[in-house]
file model_20.cif (mmCIF, C-alpha atoms)
data_run
#
loop_
_atom_site.group_PDB
_atom_site.id
_atom_site.type_symbol
_atom_site.label_atom_id
_atom_site.label_comp_id
_atom_site.auth_asym_id
_atom_site.auth_seq_id
_atom_site.Cartn_x
_atom_site.Cartn_y
_atom_site.Cartn_z
ATOM 1 C CA MET R 1 27.890 -7.867 108.684
ATOM 2 C CA GLU R 2 26.960 -5.108 111.118
ATOM 3 C CA ILE R 3 28.168 -4.635 114.698
ATOM 4 C CA THR R 4 25.466 -3.800 117.217
ATOM 5 C CA LEU R 5 25.911 -1.339 120.062
ATOM 6 C CA ILE R 6 25.981 -4.178 122.618
ATOM 7 C CA GLN R 7 28.705 -5.967 120.641
ATOM 8 C CA GLY R 8 30.660 -2.698 120.415
ATOM 9 C CA ILE R 9 30.493 -2.221 124.188
ATOM 10 C CA LEU R 10 31.552 -5.835 124.764
ATOM 11 C CA ILE R 11 34.501 -5.378 122.389
ATOM 12 C CA GLY R 12 35.392 -2.211 124.326
ATOM 13 C CA LEU R 13 35.356 -4.142 127.614
ATOM 14 C CA VAL R 14 37.486 -6.917 126.088
ATOM 15 C CA THR R 15 39.960 -4.345 124.779
ATOM 16 C CA ALA R 16 40.100 -2.645 128.191
ATOM 17 C CA PHE R 17 40.825 -5.972 129.907
ATOM 18 C CA CYS R 18 43.428 -7.120 127.378
ATOM 19 C CA TYR R 19 45.108 -3.739 126.933
ATOM 20 C CA SER R 20 45.529 -3.095 130.657
ATOM 21 C CA GLY R 21 46.507 -6.723 131.264
ATOM 22 C CA LEU R 22 50.026 -6.041 130.014
ATOM 23 C CA LEU R 23 50.736 -4.433 133.417
ATOM 24 C CA LEU R 24 49.602 -7.598 135.193
ATOM 25 C CA GLY R 25 51.851 -9.945 133.224
ATOM 26 C CA ILE R 26 48.939 -12.233 132.274
ATOM 27 C CA TYR R 27 49.608 -12.119 128.501
ATOM 28 C CA THR R 28 46.146 -10.879 127.556
ATOM 29 C CA ASN R 29 47.784 -8.266 125.329
ATOM 30 C CA ARG R 30 48.428 -10.866 122.633
ATOM 31 C CA ALA R 31 46.846 -10.860 119.181
ATOM 32 C CA ILE R 32 45.502 -14.404 119.363
ATOM 33 C CA VAL R 33 43.844 -13.826 122.772
ATOM 34 C CA MET R 34 42.123 -10.639 121.623
ATOM 35 C CA ALA R 35 41.154 -12.209 118.283
ATOM 36 C CA PHE R 36 39.543 -15.184 120.026
ATOM 37 C CA LEU R 37 37.497 -12.980 122.368
ATOM 38 C CA VAL R 38 36.378 -10.683 119.537
ATOM 39 C CA GLY R 39 35.468 -13.772 117.500
ATOM 40 C CA LEU R 40 33.262 -14.988 120.350
ATOM 41 C CA ILE R 41 31.448 -11.647 120.450
ATOM 42 C CA LEU R 42 30.970 -11.450 116.667
ATOM 43 C CA GLY R 43 30.086 -15.139 116.321
ATOM 44 C CA ASP R 44 32.928 -16.226 114.013
ATOM 45 C CA VAL R 45 35.578 -17.919 116.127
ATOM 46 C CA LYS R 46 37.072 -19.842 113.188
ATOM 47 C CA THR R 47 37.995 -16.741 111.184
ATOM 48 C CA ALA R 48 39.167 -15.018 114.366
ATOM 49 C CA LEU R 49 41.534 -17.846 115.285
ATOM 50 C CA ILE R 50 42.905 -18.069 111.741
ATOM 51 C CA PHE R 51 43.628 -14.361 111.777
ATOM 52 C CA GLY R 52 44.938 -14.463 115.357
ATOM 53 C CA ALA R 53 47.382 -17.233 114.529
ATOM 54 C CA ILE R 54 48.757 -15.302 111.553
ATOM 55 C CA ALA R 55 49.061 -12.103 113.583
ATOM 56 C CA GLU R 56 50.632 -13.915 116.538
ATOM 57 C CA LEU R 57 53.292 -15.443 114.315
ATOM 58 C CA ALA R 58 54.173 -11.968 113.059
ATOM 59 C CA PHE R 59 54.177 -10.321 116.490
ATOM 60 C CA MET R 60 56.404 -12.994 118.012
ATOM 61 C CA GLY R 61 59.162 -11.118 116.221
ATOM 62 C CA PHE R 62 57.743 -7.592 116.215
ATOM 63 C CA GLY R 63 57.131 -7.839 119.960
ATOM 64 C CA VAL R 64 60.877 -7.956 120.620
ATOM 65 C CA GLY R 65 62.203 -4.415 120.762
ATOM 66 C CA ALA R 66 65.827 -4.132 119.703
ATOM 67 C CA GLY R 67 67.752 -1.732 121.910
ATOM 68 C CA GLY R 68 65.590 1.243 122.815
ATOM 69 C CA THR R 69 63.050 0.761 120.032
ATOM 70 C CA VAL R 70 59.353 0.362 120.862
ATOM 71 C CA PRO R 71 57.627 -2.439 118.922
ATOM 72 C CA PRO R 72 54.132 -2.078 117.393
ATOM 73 C CA ASN R 73 51.232 -2.839 119.718
ATOM 74 C CA PRO R 74 49.307 -6.115 119.125
ATOM 75 C CA VAL R 75 46.017 -4.316 119.898
ATOM 76 C CA GLY R 76 46.061 -3.091 116.294
ATOM 77 C CA PRO R 77 45.640 -6.496 114.653
ATOM 78 C CA GLY R 78 44.081 -8.109 117.723
ATOM 79 C CA ILE R 79 41.054 -5.802 117.756
ATOM 80 C CA VAL R 80 40.888 -3.782 114.528
ATOM 81 C CA GLY R 81 42.341 -6.539 112.349
ATOM 82 C CA THR R 82 39.979 -9.182 113.709
ATOM 83 C CA ILE R 83 36.977 -6.909 113.170
ATOM 84 C CA MET R 84 38.066 -6.358 109.568
ATOM 85 C CA ALA R 85 38.756 -10.043 108.937
ATOM 86 C CA ILE R 86 35.291 -11.059 110.179
ATOM 87 C CA THR R 87 33.049 -8.224 108.988
ATOM 88 C CA LEU R 88 34.663 -7.483 105.620
ATOM 89 C CA LYS R 89 34.938 -11.031 104.265
ATOM 90 C CA ASP R 90 32.239 -10.258 101.705
ATOM 91 C CA GLN R 91 34.373 -7.384 100.373
ATOM 92 C CA GLY R 92 37.220 -9.817 99.663
ATOM 93 C CA VAL R 93 39.298 -9.052 102.754
ATOM 94 C CA THR R 94 41.299 -12.133 103.747
ATOM 95 C CA PRO R 95 43.018 -12.627 107.121
ATOM 96 C CA GLU R 96 46.337 -11.801 105.425
ATOM 97 C CA SER R 97 45.063 -8.535 103.929
ATOM 98 C CA ALA R 98 43.369 -7.661 107.244
ATOM 99 C CA LEU R 99 46.767 -7.999 108.929
ATOM 100 C CA SER R 100 48.325 -5.574 106.439
ATOM 101 C CA LEU R 101 45.461 -3.094 106.724
ATOM 102 C CA SER R 102 45.527 -3.183 110.532
ATOM 103 C CA PHE R 103 49.285 -2.821 110.909
ATOM 104 C CA PRO R 104 49.209 1.014 110.857
ATOM 105 C CA PHE R 105 46.847 0.828 113.847
ATOM 106 C CA ALA R 106 49.460 -1.271 115.678
ATOM 107 C CA ILE R 107 51.931 1.586 115.281
ATOM 108 C CA LEU R 108 49.305 4.202 116.197
ATOM 109 C CA PHE R 109 48.270 2.394 119.383
ATOM 110 C CA GLN R 110 51.878 2.145 120.492
ATOM 111 C CA PHE R 111 52.075 5.947 120.320
ATOM 112 C CA VAL R 112 48.885 6.028 122.400
ATOM 113 C CA THR R 113 50.502 3.673 124.938
ATOM 114 C CA THR R 114 53.610 5.840 125.157
ATOM 115 C CA ALA R 115 51.461 8.944 125.616
ATOM 116 C CA THR R 116 49.509 7.225 128.422
ATOM 117 C CA TYR R 117 52.710 6.244 130.216
ATOM 118 C CA THR R 118 54.008 9.807 129.803
ATOM 119 C CA PHE R 119 50.819 11.252 131.290
ATOM 120 C CA PHE R 120 51.135 9.073 134.399
ATOM 121 C CA ALA R 121 54.894 9.560 134.735
ATOM 122 C CA SER R 122 54.336 11.869 137.720
ATOM 123 C CA ALA R 123 52.245 9.293 139.589
ATOM 124 C CA GLY R 124 55.159 8.549 141.920
ATOM 125 C CA ARG R 125 55.359 12.181 143.047
ATOM 126 C CA TRP R 126 51.576 12.364 143.468
ATOM 127 C CA ALA R 127 51.629 9.171 145.553
ATOM 128 C CA ARG R 128 54.448 10.487 147.777
ATOM 129 C CA ASN R 129 52.516 13.693 148.454
ATOM 130 C CA ALA R 130 49.419 11.655 149.335
ATOM 131 C CA VAL R 131 51.405 9.520 151.795
ATOM 132 C CA GLU R 132 52.939 12.587 153.448
ATOM 133 C CA LYS R 133 49.446 14.017 153.978
ATOM 134 C CA GLY R 134 48.045 10.696 155.188
ATOM 135 C CA GLN R 135 45.542 10.492 152.319
ATOM 136 C CA TRP R 136 45.555 6.718 151.943
ATOM 137 C CA GLY R 137 42.479 6.535 149.731
ATOM 138 C CA ARG R 138 44.052 8.993 147.292
ATOM 139 C CA PHE R 139 47.311 7.045 147.460
ATOM 140 C CA SER R 140 45.520 3.791 146.548
ATOM 141 C CA LEU R 141 43.834 5.476 143.591
ATOM 142 C CA ILE R 142 47.119 6.944 142.343
ATOM 143 C CA ALA R 143 48.890 3.588 142.759
ATOM 144 C CA HIS R 144 46.366 2.018 140.359
ATOM 145 C CA SER R 145 46.039 5.043 138.087
ATOM 146 C CA THR R 146 48.195 3.736 135.236
ATOM 147 C CA TYR R 147 46.278 0.464 135.109
ATOM 148 C CA LEU R 148 42.933 2.296 135.205
ATOM 149 C CA GLY R 149 44.144 4.739 132.567
ATOM 150 C CA LEU R 150 45.094 1.923 130.186
ATOM 151 C CA ALA R 151 41.718 0.281 130.808
ATOM 152 C CA VAL R 152 39.858 3.476 129.914
ATOM 153 C CA VAL R 153 42.001 4.028 126.814
ATOM 154 C CA GLY R 154 41.484 0.397 125.786
ATOM 155 C CA PHE R 155 37.703 0.720 126.166
ATOM 156 C CA ILE R 156 37.701 3.823 123.963
ATOM 157 C CA ILE R 157 39.835 2.036 121.342
ATOM 158 C CA GLY R 158 37.526 -1.001 121.287
ATOM 159 C CA VAL R 159 34.309 1.001 120.992
ATOM 160 C CA ALA R 160 35.818 3.355 118.396
ATOM 161 C CA ALA R 161 37.045 0.404 116.310
ATOM 162 C CA SER R 162 33.562 -1.119 116.387
ATOM 163 C CA LEU R 163 31.777 2.115 115.505
ATOM 164 C CA SER R 164 34.230 2.884 112.687
ATOM 165 C CA LEU R 165 33.135 -0.190 110.723
ATOM 166 C CA PRO R 166 31.177 1.850 108.115
ATOM 167 C CA GLY R 167 34.268 3.945 107.463
ATOM 168 C CA LEU R 168 36.403 0.813 107.115
ATOM 169 C CA LYS R 169 33.889 -0.586 104.615
ATOM 170 C CA LEU R 170 34.035 2.592 102.551
ATOM 171 C CA LEU R 171 37.832 2.449 102.606
ATOM 172 C CA VAL R 172 37.937 -1.175 101.445
ATOM 173 C CA GLU R 173 35.309 -0.582 98.751
ATOM 174 C CA ALA R 174 37.354 2.351 97.454
ATOM 175 C CA LEU R 175 40.464 0.194 97.073
ATOM 176 C CA PRO R 176 40.980 -1.552 93.732
ATOM 177 C CA LYS R 177 40.933 -5.333 93.645
ATOM 178 C CA TRP R 178 44.600 -5.602 92.709
ATOM 179 C CA LEU R 179 45.612 -3.521 95.722
ATOM 180 C CA ILE R 180 43.640 -5.738 98.116
ATOM 181 C CA ASN R 181 45.355 -8.765 96.559
ATOM 182 C CA GLY R 182 48.664 -7.009 97.130
ATOM 183 C CA PHE R 183 47.768 -6.508 100.788
ATOM 184 C CA SER R 184 47.034 -10.246 101.005
ATOM 185 C CA VAL R 185 50.475 -11.071 99.637
ATOM 186 C CA ALA R 186 52.129 -8.562 101.967
ATOM 187 C CA GLY R 187 50.135 -9.922 104.891
ATOM 188 C CA GLY R 188 51.394 -13.398 104.095
ATOM 189 C CA LEU R 189 54.976 -12.127 104.210
ATOM 190 C CA ILE R 190 54.642 -10.291 107.549
ATOM 191 C CA PRO R 191 54.488 -13.513 109.642
ATOM 192 C CA ALA R 192 57.579 -14.785 107.828
ATOM 193 C CA ILE R 193 59.403 -11.559 108.690
ATOM 194 C CA GLY R 194 58.329 -11.830 112.326
ATOM 195 C CA PHE R 195 59.469 -15.449 112.528
ATOM 196 C CA ALA R 196 62.777 -14.537 110.872
ATOM 197 C CA MET R 197 63.314 -11.831 113.516
ATOM 198 C CA ILE R 198 62.820 -14.444 116.237
ATOM 199 C CA LEU R 199 65.256 -16.824 114.549
ATOM 200 C CA SER R 200 67.883 -14.099 114.228
ATOM 201 C CA VAL R 201 67.886 -13.849 118.039
ATOM 202 C CA MET R 202 67.266 -17.454 119.127
ATOM 203 C CA LEU R 203 68.731 -19.647 116.389
ATOM 204 C CA LYS R 204 71.782 -21.708 117.321
ATOM 205 C CA LYS R 205 73.706 -23.977 115.002
ATOM 206 C CA GLU R 206 72.606 -27.098 116.905
ATOM 207 C CA LEU R 207 68.945 -26.130 116.289
ATOM 208 C CA THR R 208 69.355 -25.721 112.519
ATOM 209 C CA PRO R 209 68.413 -29.362 111.698
ATOM 210 C CA TYR R 210 65.081 -28.934 113.504
ATOM 211 C CA ILE R 211 64.319 -25.764 111.540
ATOM 212 C CA LEU R 212 65.065 -27.546 108.271
ATOM 213 C CA LEU R 213 63.000 -30.556 109.336
ATOM 214 C CA GLY R 214 59.994 -28.331 110.056
ATOM 215 C CA TYR R 215 60.350 -26.618 106.680
ATOM 216 C CA ILE R 216 60.597 -29.935 104.834
ATOM 217 C CA SER R 217 57.605 -31.325 106.740
ATOM 218 C CA ILE R 218 55.411 -28.410 105.645
ATOM 219 C CA ALA R 219 56.738 -27.651 102.166
ATOM 220 C CA TYR R 220 57.432 -31.138 100.811
ATOM 221 C CA LEU R 221 55.704 -33.708 103.043
ATOM 222 C CA ASP R 222 52.478 -31.659 103.338
ATOM 223 C CA LEU R 223 52.101 -32.464 107.025
ATOM 224 C CA PRO R 224 49.341 -30.543 108.841
ATOM 225 C CA ILE R 225 50.241 -28.109 111.609
ATOM 226 C CA MET R 226 49.235 -30.586 114.323
ATOM 227 C CA GLY R 227 51.433 -33.250 112.724
ATOM 228 C CA VAL R 228 54.432 -30.905 112.813
ATOM 229 C CA ALA R 229 53.578 -30.011 116.426
ATOM 230 C CA PHE R 230 53.559 -33.700 117.424
ATOM 231 C CA LEU R 231 56.824 -34.218 115.538
ATOM 232 C CA GLY R 232 58.379 -31.312 117.440
ATOM 233 C CA THR R 233 57.080 -32.761 120.717
ATOM 234 C CA ILE R 234 58.787 -36.072 119.979
ATOM 235 C CA PHE R 235 62.144 -34.431 119.335
ATOM 236 C CA THR R 236 61.687 -32.278 122.447
ATOM 237 C CA LEU R 237 61.152 -35.384 124.579
ATOM 238 C CA ILE R 238 64.161 -37.083 122.981
ATOM 239 C CA SER R 239 66.334 -34.058 123.729
ATOM 240 C CA TYR R 240 64.986 -33.686 127.278
ATOM 241 C CA TYR R 241 65.431 -37.311 128.322
ATOM 242 C CA GLY R 242 68.777 -37.496 126.556
ATOM 243 C CA LYS R 243 70.077 -34.547 128.581
ATOM 244 C CA THR R 244 68.546 -35.990 131.768
ATOM 245 C CA ASN R 245 70.299 -39.324 131.243
ATOM 246 C CA SER R 246 73.573 -37.553 130.522
ATOM 247 C CA LEU R 247 73.313 -35.530 133.724
ATOM 248 C CA THR R 248 72.466 -38.685 135.691
ATOM 249 C CA THR R 249 75.499 -40.465 134.246
ATOM 250 C CA ILE R 250 77.758 -37.538 135.117
ATOM 251 C CA VAL R 251 76.439 -37.377 138.678
ATOM 252 C CA GLU R 252 76.785 -41.133 139.145
ATOM 253 C CA SER R 253 80.310 -40.996 137.758
ATOM 254 C CA LYS R 254 81.269 -38.217 140.169
ATOM 255 C CA ASN R 255 79.695 -40.052 143.089
ATOM 256 C CA SER R 256 81.558 -43.260 142.229
ATOM 257 C CA LYS R 257 84.827 -41.343 142.092
ATOM 258 C CA VAL R 258 84.131 -39.830 145.521
ATOM 259 C CA ILE R 259 83.287 -43.268 146.966
ATOM 260 C CA THR R 260 86.428 -44.784 145.429
ATOM 261 C CA LYS R 261 88.514 -41.955 146.817
ATOM 262 C CA ASN R 262 87.061 -42.441 150.305
ATOM 263 C CA ILE R 263 87.701 -46.194 150.150
ATOM 264 C CA ASP R 264 91.308 -45.627 149.080
ATOM 265 C CA GLU R 265 91.825 -43.160 151.940
ATOM 266 C CA GLU R 266 90.367 -45.642 154.436
ATOM 267 C CA ASP R 267 92.635 -48.474 153.126
ATOM 268 C CA PHE R 268 95.615 -46.153 153.354
ATOM 269 C CA SER R 269 94.798 -45.206 156.963
ATOM 270 C CA ASP R 270 94.277 -48.883 157.877
ATOM 271 C CA GLY R 271 97.632 -49.766 156.419
ATOM 272 C CA ILE R 272 99.302 -47.095 158.512
#

call {"tool": "encode", "arguments": {"input": "model_20.cif", "output": "structure tokens"}}
result
Amino acid sequence: MEITLIQGILIGLVTAFCYSGLLLGIYTNRAIVMAFLVGLILGDVKTALIFGAIAELAFMGFGVGAGGTVPPNPVGPGIVGTIMAITLKDQGVTPESALSLSFPFAILFQFVTTATYTFFASAGRWARNAVEKGQWGRFSLIAHSTYLGLAVVGFIIGVAASLSLPGLKLLVEALPKWLINGFSVAGGLIPAIGFAMILSVMLKKELTPYILLGYISIAYLDLPIMGVAFLGTIFTLISYYGKTNSLTTIVESKNSKVITKNIDEEDFSDGI
């Protein structure tokens, strides 16, 4: 499969929107969002969503930076990985192996992000000078400079990833079959590592039965993903309404104690 110039420009625009969206807090900088949009452009939404789901499961954990560490950027798998998963299927590249092959780009793009932030680190001083001189148009431009800079960088990344497809094909064709299979196995382990990183932070002992139930449902009962999702919804509703009823009982109990106390005080005052 070849990527046309129009498709490359559209992927660049999508990358610019998603990459700069992290400053707006709209969660466009997520692997599954970028994979879906790239899949629409390349005409293979099914493969894109399969890959996006795998990448998203991995980056749920990798997206949490421990201490001062900077996690890999989801643009790597979201854009480059999706392009590889869709266009290189004929070369034996699976979504799992595409995730492994695109992971170095996730690290590279995070360095690019850090460099962009560093470049615009003096924007505050530039903006203050513009305000002191009454240059409000220049101030407005500087105030949006980081967002615009990320958009430009994202557009370049998207177009470059699209135009580098021939080089990616040569790289994959040069790899032996056993190594591509190894990337598939490694790519299947990456989501498990990401999910384990999430559990290491969020898991509480009272949630352990639900984790085991989900594992048993998939591994032994062969329930589909939607079946496990509905099962989780049921237990969520049970937990929610159970806590709501408990809170209502506690409030009613406290109110009844207050009423009883007031009645006793009134009887005592009447007796006096």

call {"tool": "resolve_selection", "arguments": {"input": "model_20.cif", "expression": "the PyMOL selection byres ((chain R and resi 12-16) around 8)", "output": "PyMOL selection string"}}
result
chain R and resi 8-11+17-20+34+37-38+75+79+150-159

call {"tool": "residues_near_point", "arguments": {"input": "model_20.cif", "point": "(48.5, 2.9, 135.3)", "cutoff": "12 Å", "atoms": "only C-alpha atoms", "output": "PyMOL selection string"}}
result
chain R and resi 19-24+113-124+140-153

call {"tool": "residues_near_point", "arguments": {"input": "model_20.cif", "point": "(42.1, -5.3, 106.8)", "cutoff": "8 Å", "atoms": "only C-alpha atoms", "output": "MDAnalysis selection string"}}
result
chainID R and resid 80:81 84:85 88 93:102 172

call {"tool": "atom_distance", "arguments": {"input": "model_20.cif", "atom1": "CA of Lys46 in chain R", "atom2": "CA of Val33 in chain R"}}
result
13.2 Å

call {"tool": "resolve_selection", "arguments": {"input": "model_20.cif", "expression": "the PyMOL selection byres ((chain R and resi 45) around 12)", "output": "PDB file with C-alpha atoms, keeping the file's coordinate frame"}}
result
ATOM      1  CA  ILE R  32      45.502 -14.404 119.363  1.00  0.00           C
ATOM      2  CA  VAL R  33      43.844 -13.826 122.772  1.00  0.00           C
ATOM      3  CA  MET R  34      42.123 -10.639 121.623  1.00  0.00           C
ATOM      4  CA  ALA R  35      41.154 -12.209 118.283  1.00  0.00           C
ATOM      5  CA  PHE R  36      39.543 -15.184 120.026  1.00  0.00           C
ATOM      6  CA  LEU R  37      37.497 -12.980 122.368  1.00  0.00           C
ATOM      7  CA  VAL R  38      36.378 -10.683 119.537  1.00  0.00           C
ATOM      8  CA  GLY R  39      35.468 -13.772 117.500  1.00  0.00           C
ATOM      9  CA  LEU R  40      33.262 -14.988 120.350  1.00  0.00           C
ATOM     10  CA  ILE R  41      31.448 -11.647 120.450  1.00  0.00           C
ATOM     11  CA  LEU R  42      30.970 -11.450 116.667  1.00  0.00           C
ATOM     12  CA  GLY R  43      30.086 -15.139 116.321  1.00  0.00           C
ATOM     13  CA  ASP R  44      32.928 -16.226 114.013  1.00  0.00           C
ATOM     14  CA  LYS R  46      37.072 -19.842 113.188  1.00  0.00           C
ATOM     15  CA  THR R  47      37.995 -16.741 111.184  1.00  0.00           C
ATOM     16  CA  ALA R  48      39.167 -15.018 114.366  1.00  0.00           C
ATOM     17  CA  LEU R  49      41.534 -17.846 115.285  1.00  0.00           C
ATOM     18  CA  ILE R  50      42.905 -18.069 111.741  1.00  0.00           C
ATOM     19  CA  PHE R  51      43.628 -14.361 111.777  1.00  0.00           C
ATOM     20  CA  GLY R  52      44.938 -14.463 115.357  1.00  0.00           C
ATOM     21  CA  ALA R  53      47.382 -17.233 114.529  1.00  0.00           C
ATOM     22  CA  THR R  82      39.979  -9.182 113.709  1.00  0.00           C
ATOM     23  CA  ILE R  83      36.977  -6.909 113.170  1.00  0.00           C
ATOM     24  CA  ALA R  85      38.756 -10.043 108.937  1.00  0.00           C
ATOM     25  CA  ILE R  86      35.291 -11.059 110.179  1.00  0.00           C
TER      26      ILE R  86
END

call {"tool": "decode", "arguments": {"input": "model_20.cif", "residues": "range 117-131 of chain R", "atoms": "C-alpha atoms", "output": "PDB file, in the first residue's frame"}}
result
ATOM      1  CA  TYR R 117       9.434  23.321  25.415  1.00  0.00           C
ATOM      2  CA  THR R 118      13.053  24.379  25.995  1.00  0.00           C
ATOM      3  CA  PHE R 119      13.005  26.610  22.915  1.00  0.00           C
ATOM      4  CA  PHE R 120       9.888  28.433  24.132  1.00  0.00           C
ATOM      5  CA  ALA R 121      11.039  28.625  27.753  1.00  0.00           C
ATOM      6  CA  SER R 122      11.749  32.350  27.338  1.00  0.00           C
ATOM      7  CA  ALA R 123       8.235  33.093  26.073  1.00  0.00           C
ATOM      8  CA  GLY R 124       7.296  34.616  29.430  1.00  0.00           C
ATOM      9  CA  ARG R 125      10.103  37.181  29.203  1.00  0.00           C
ATOM     10  CA  TRP R 126       9.232  37.960  25.575  1.00  0.00           C
ATOM     11  CA  ALA R 127       5.573  38.447  26.531  1.00  0.00           C
ATOM     12  CA  ARG R 128       6.480  40.773  29.428  1.00  0.00           C
ATOM     13  CA  ASN R 129       8.605  42.931  27.127  1.00  0.00           C
ATOM     14  CA  ALA R 130       5.739  43.104  24.622  1.00  0.00           C
ATOM     15  CA  VAL R 131       3.305  44.221  27.339  1.00  0.00           C
TER      16      VAL R 131
END
